[in-house]
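Take a look at the structure below.
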Amino acid sequence: MDSGALPERIPRRGSAFARWLGRTILRVYGWEIVGELPNLPKFVIAIAPHTSNWDFIFGASTMFALDINLAFIGKHTIFVWPFSVVLRWMGGIPVDRSSAQGVVSESVRAFRDAGERVLVIAPEGTRKRVEHFRLGFLHIARGAGVPVVLVALDYEAKRVRLGPTIEPGPDLEADRERIEAHFRPIRGKHPR
């Protein structure tokens with residue numbers, strides 16, 4: 001898939017340099033992008049498994065290669081100079097995760113009020129092993145009235161897998177179980 005194949009309603013970055021950079025990084029490392037994204041101007045991407053700092057490289061390269069205008073939430077401690085300049089240019093939003101409810105409610109409000117934007121979140125919330133995904137990404141999607149697109153970083157096949165798309169329902173626990181089941185067979189950089 002390339003940016004020319006993207007559905008027309010997905011917001012674009014419009015940066016030829018970023019497209020070139022993303023495609024080049026993926027090609028050099030032997031990765032390919034498979035699947036489809038919905039033809040929507042706003043949605044949440046849940047990208048998993050998140051087991052390595054390399055996930056950021058391949059995830060960002062994919063979004064650059066596809067020319068998607070995105071935002072991502074990152075731990076505030078990574079937004080230090082000189083990295084903060086680049087992270088903000090890439091769509092980074094620093095958050096202090098010490099207050100989980102505050103982060104979720106603020107993220108819902110900001111995302112709902114934002115224009116056309118794709119928000120990318122690692123549902124584990126950390127590179128460490130977790131028993132279950134956090135529910136914040138589902139709360140944000142449901143609160144903003146948008147679907148969640150599952151994106152898998154499959155290190156074994158060297159593929160970024162786009163889709164399926166999930167509409168969060170009233171039972172977020174059931175949604176989480178279904179999403180975890182989707183990602184379970186996918187091997188991250190450091191399998192768990």
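Simple scheme: letters A, B, ... for chains in structure tokens order, numbers from 1 for residues in each chain, numbers from 1 for ligands in the order shown.
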
Open item on the list: When DSSP is applied to the backbone of this structure, which of range 5-153 of chain A are assigned strand (DSSP E or B)? Write them out as a ChimeraX atom specification.
Closed with: /A:12,32-35,42-48,68,70-75,92-95,117-121,148-153

Mind writing the picked residues with N, CA and C atoms as an mmCIF file, in the first residue's frame?
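Everything below was put into out.cif:
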```
data_model
loop_
_atom_site.group_PDB
_atom_site.id
_atom_site.type_symbol
_atom_site.label_atom_id
_atom_site.label_comp_id
_atom_site.auth_asym_id
_atom_site.auth_seq_id
_atom_site.Cartn_x
_atom_site.Cartn_y
_atom_site.Cartn_z
ATOM 1 N N ARG A 12 -3.966 13.930 5.343
ATOM 2 C CA ARG A 12 -2.586 13.757 4.880
ATOM 3 C C ARG A 12 -1.653 14.776 5.524
ATOM 4 N N GLU A 32 7.084 -4.471 4.813
ATOM 5 C CA GLU A 32 6.038 -4.061 3.886
ATOM 6 C C GLU A 32 4.754 -3.769 4.664
ATOM 7 N N ILE A 33 3.903 -2.977 4.038
ATOM 8 C CA ILE A 33 2.620 -2.596 4.631
ATOM 9 C C ILE A 33 1.533 -3.378 3.909
ATOM 10 N N VAL A 34 0.678 -4.068 4.679
ATOM 11 C CA VAL A 34 -0.429 -4.828 4.093
ATOM 12 C C VAL A 34 -1.724 -4.433 4.788
ATOM 13 N N GLY A 35 -2.834 -4.570 4.066
ATOM 14 C CA GLY A 35 -4.140 -4.262 4.632
ATOM 15 C C GLY A 35 -4.656 -2.917 4.167
ATOM 16 N N LYS A 42 -11.179 10.750 10.726
ATOM 17 C CA LYS A 42 -10.751 10.719 12.123
ATOM 18 C C LYS A 42 -10.984 9.316 12.684
ATOM 19 N N PHE A 43 -9.943 8.771 13.314
ATOM 20 C CA PHE A 43 -10.071 7.481 13.993
ATOM 21 C C PHE A 43 -8.872 7.296 14.904
ATOM 22 N N VAL A 44 -8.942 6.270 15.737
ATOM 23 C CA VAL A 44 -7.847 5.907 16.634
ATOM 24 C C VAL A 44 -7.174 4.667 16.066
ATOM 25 N N ILE A 45 -5.851 4.664 16.048
ATOM 26 C CA ILE A 45 -5.089 3.466 15.692
ATOM 27 C C ILE A 45 -4.526 2.884 16.980
ATOM 28 N N ALA A 46 -4.815 1.598 17.218
ATOM 29 C CA ALA A 46 -4.198 0.855 18.323
ATOM 30 C C ALA A 46 -3.102 0.005 17.699
ATOM 31 N N ILE A 47 -1.840 0.328 18.007
ATOM 32 C CA ILE A 47 -0.708 -0.364 17.392
ATOM 33 C C ILE A 47 -0.025 -1.243 18.442
ATOM 34 N N ALA A 48 0.139 -2.527 18.095
ATOM 35 C CA ALA A 48 0.701 -3.488 19.044
ATOM 36 C C ALA A 48 1.345 -4.622 18.238
ATOM 37 N N ILE A 68 0.091 9.983 6.426
ATOM 38 C CA ILE A 68 -1.049 10.215 7.313
ATOM 39 C C ILE A 68 -0.715 11.308 8.321
ATOM 40 N N LEU A 70 -1.033 12.471 11.694
ATOM 41 C CA LEU A 70 -1.391 11.786 12.924
ATOM 42 C C LEU A 70 -0.913 12.526 14.153
ATOM 43 N N ALA A 71 -1.434 12.065 15.254
ATOM 44 C CA ALA A 71 -0.985 12.513 16.569
ATOM 45 C C ALA A 71 -0.732 11.257 17.386
ATOM 46 N N PHE A 72 0.180 11.359 18.332
ATOM 47 C CA PHE A 72 0.395 10.240 19.244
ATOM 48 C C PHE A 72 0.651 10.796 20.632
ATOM 49 N N ILE A 73 0.275 10.003 21.604
ATOM 50 C CA ILE A 73 0.473 10.374 22.998
ATOM 51 C C ILE A 73 1.734 9.670 23.474
ATOM 52 N N GLY A 74 2.630 10.431 24.082
ATOM 53 C CA GLY A 74 3.874 9.855 24.577
ATOM 54 C C GLY A 74 4.153 10.289 26.001
ATOM 55 N N LYS A 75 4.882 9.464 26.700
ATOM 56 C CA LYS A 75 5.284 9.780 28.070
ATOM 57 C C LYS A 75 6.048 11.103 28.077
ATOM 58 N N GLY A 92 3.556 14.431 18.157
ATOM 59 C CA GLY A 92 3.614 13.998 19.548
ATOM 60 C C GLY A 92 2.928 14.942 20.512
ATOM 61 N N ILE A 93 2.207 14.354 21.448
ATOM 62 C CA ILE A 93 1.537 15.088 22.517
ATOM 63 C C ILE A 93 2.048 14.519 23.837
ATOM 64 N N PRO A 94 2.818 15.301 24.619
ATOM 65 C CA PRO A 94 3.338 14.772 25.886
ATOM 66 C C PRO A 94 2.243 14.692 26.943
ATOM 67 N N VAL A 95 2.224 13.582 27.687
ATOM 68 C CA VAL A 95 1.275 13.436 28.786
ATOM 69 C C VAL A 95 1.994 12.892 30.012
ATOM 70 N N ARG A 117 -7.945 14.159 12.193
ATOM 71 C CA ARG A 117 -6.702 13.695 12.804
ATOM 72 C C ARG A 117 -6.822 12.205 13.089
ATOM 73 N N VAL A 118 -5.716 11.517 12.997
ATOM 74 C CA VAL A 118 -5.627 10.109 13.365
ATOM 75 C C VAL A 118 -4.762 10.043 14.613
ATOM 76 N N LEU A 119 -5.281 9.440 15.674
ATOM 77 C CA LEU A 119 -4.557 9.323 16.938
ATOM 78 C C LEU A 119 -4.016 7.912 17.066
ATOM 79 N N VAL A 120 -2.715 7.784 17.287
ATOM 80 C CA VAL A 120 -2.063 6.481 17.417
ATOM 81 C C VAL A 120 -1.716 6.243 18.881
ATOM 82 N N ILE A 121 -2.105 5.066 19.382
ATOM 83 C CA ILE A 121 -1.857 4.714 20.785
ATOM 84 C C ILE A 121 -1.393 3.262 20.861
ATOM 85 N N VAL A 148 -11.787 2.273 16.124
ATOM 86 C CA VAL A 148 -10.394 1.915 16.400
ATOM 87 C C VAL A 148 -9.919 1.000 15.275
ATOM 88 N N VAL A 149 -8.795 1.372 14.669
ATOM 89 C CA VAL A 149 -8.177 0.533 13.643
ATOM 90 C C VAL A 149 -7.006 -0.192 14.297
ATOM 91 N N LEU A 150 -6.998 -1.508 14.191
ATOM 92 C CA LEU A 150 -5.917 -2.304 14.767
ATOM 93 C C LEU A 150 -4.766 -2.376 13.766
ATOM 94 N N VAL A 151 -3.569 -2.039 14.226
ATOM 95 C CA VAL A 151 -2.366 -2.098 13.388
ATOM 96 C C VAL A 151 -1.339 -2.948 14.133
ATOM 97 N N ALA A 152 -0.902 -4.023 13.478
ATOM 98 C CA ALA A 152 0.030 -4.959 14.102
ATOM 99 C C ALA A 152 1.423 -4.813 13.512
ATOM 100 N N LEU A 153 2.422 -4.788 14.387
ATOM 101 C CA LEU A 153 3.829 -4.813 13.978
ATOM 102 C C LEU A 153 4.298 -6.263 14.074
#
```

- [ ] Using DSSP on the backbone coordinates, identify all residues within range 54-169 of chain A classified as alpha helix (DSSP H); present the result as an MDAnalysis selection string.
- [x] chainID A and resid 54:66 83:89 100:113 136:144

Open item on the list: From the options A:Glu106, A:Trp20, A:Leu37, A:Gly14, which residue's atoms come nearest to Ala65 in chain A, counting only C-alpha atoms?
Closed with: A:Trp20

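Closest to Phe79 in chain A among A:Glu36, A:Asp96, A:Pro49, A:Asp67 is A:Asp96, based on only C-alpha atoms.
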
Task: Among the residues A:Val80, A:Ala122, A:Ile179, A:Leu162, the one that comes closest to Asp55 in chain A [using only C-alpha atoms] - done: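 Of all the options, A:Ala122 lies closest to Asp55 in chain A.
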
Open item on the list: Residues near Ala110 in chain A, anyone? I mean within 10 Å using only C-alpha atoms, not counting same-chain ones fewer than 6 positions away, as a VMD selection string.
Closed with: chain A and resid 104 140 144

Residues from the last selection, C-alpha atoms, saved as a PDB file, in the first residue's frame:
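Saved as part_7.pdb:
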```
ATOM      1  CA  VAL A 104      -8.086   9.871  29.313  1.00  0.00           C
ATOM      2  CA  ILE A 140     -10.920   7.913  23.858  1.00  0.00           C
ATOM      3  CA  ALA A 144     -14.847  10.942  20.461  1.00  0.00           C
TER       4      ALA A 144
END
```

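Those residues that approach Asp171 in chain A to within 12 Å, counting only C-alpha atoms, are Leu135, Leu138, His139, Arg142, Glu167, Pro168, Ala174, Asp175, Arg176, Glu177 and Arg178 of chain A; same-chain residues fewer than 3 positions away are not listed.
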
- [ ] Go through A:Thr51, A:Asn69, A:Glu116, A:Lys189 one by one, measure the shortest atom-to-atom distance of each to Ser15 in chain A using only C-alpha atoms, and give the residue with the smallest value.
- [x] A:Asn69

- [ ] Determine, counting only C-alpha atoms, which protein, DNA and RNA residues have an atom within 8 Å of an atom of Phe64 in chain A; residues of the same chain fewer than 4 positions away are not included. Present the result as a list in words.
- [x]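 These residues fall inside the cut-off: Ala18, Arg19, Trp20, Leu21, Gly22, Arg23, Ala60 and Ile68 of chain A.
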
TODO: Enter the distance from CA of Phe111 in chain A to CA of Val146 in chain A, in Å, rounded to one decimal.
DONE: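 Pair CA of Phe111 in chain A / CA of Val146 in chain A returns 9.9 Å.
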
Task: Who sits within 8 Å of range 25-30 of chain A, only C-alpha atoms, same chain under 4 positions skipped, as a list in words - done: Leu21, Phe58, Ser61, Thr62 and Lys158 of chain A

Dump of N, CA and C atoms for the selected residues, as a compact mmCIF listing (two decimals), in the first residue's frame:
```txt
# COMPACT_ATOMS: atom_id res chain seq x y z
N LEU A 21 11.27 9.40 3.46
CA LEU A 21 11.97 8.87 4.62
C LEU A 21 11.31 7.58 5.11
N PHE A 58 9.43 1.78 13.24
CA PHE A 58 8.65 1.17 12.17
C PHE A 58 7.23 1.72 12.11
N SER A 61 7.60 5.23 10.60
CA SER A 61 7.96 5.09 9.18
C SER A 61 6.74 4.72 8.35
N THR A 62 5.89 3.87 8.90
CA THR A 62 4.66 3.49 8.20
C THR A 62 3.75 4.69 8.00
N LYS A 158 7.88 -9.38 9.09
CA LYS A 158 8.30 -8.04 8.68
C LYS A 158 7.18 -7.33 7.92
```
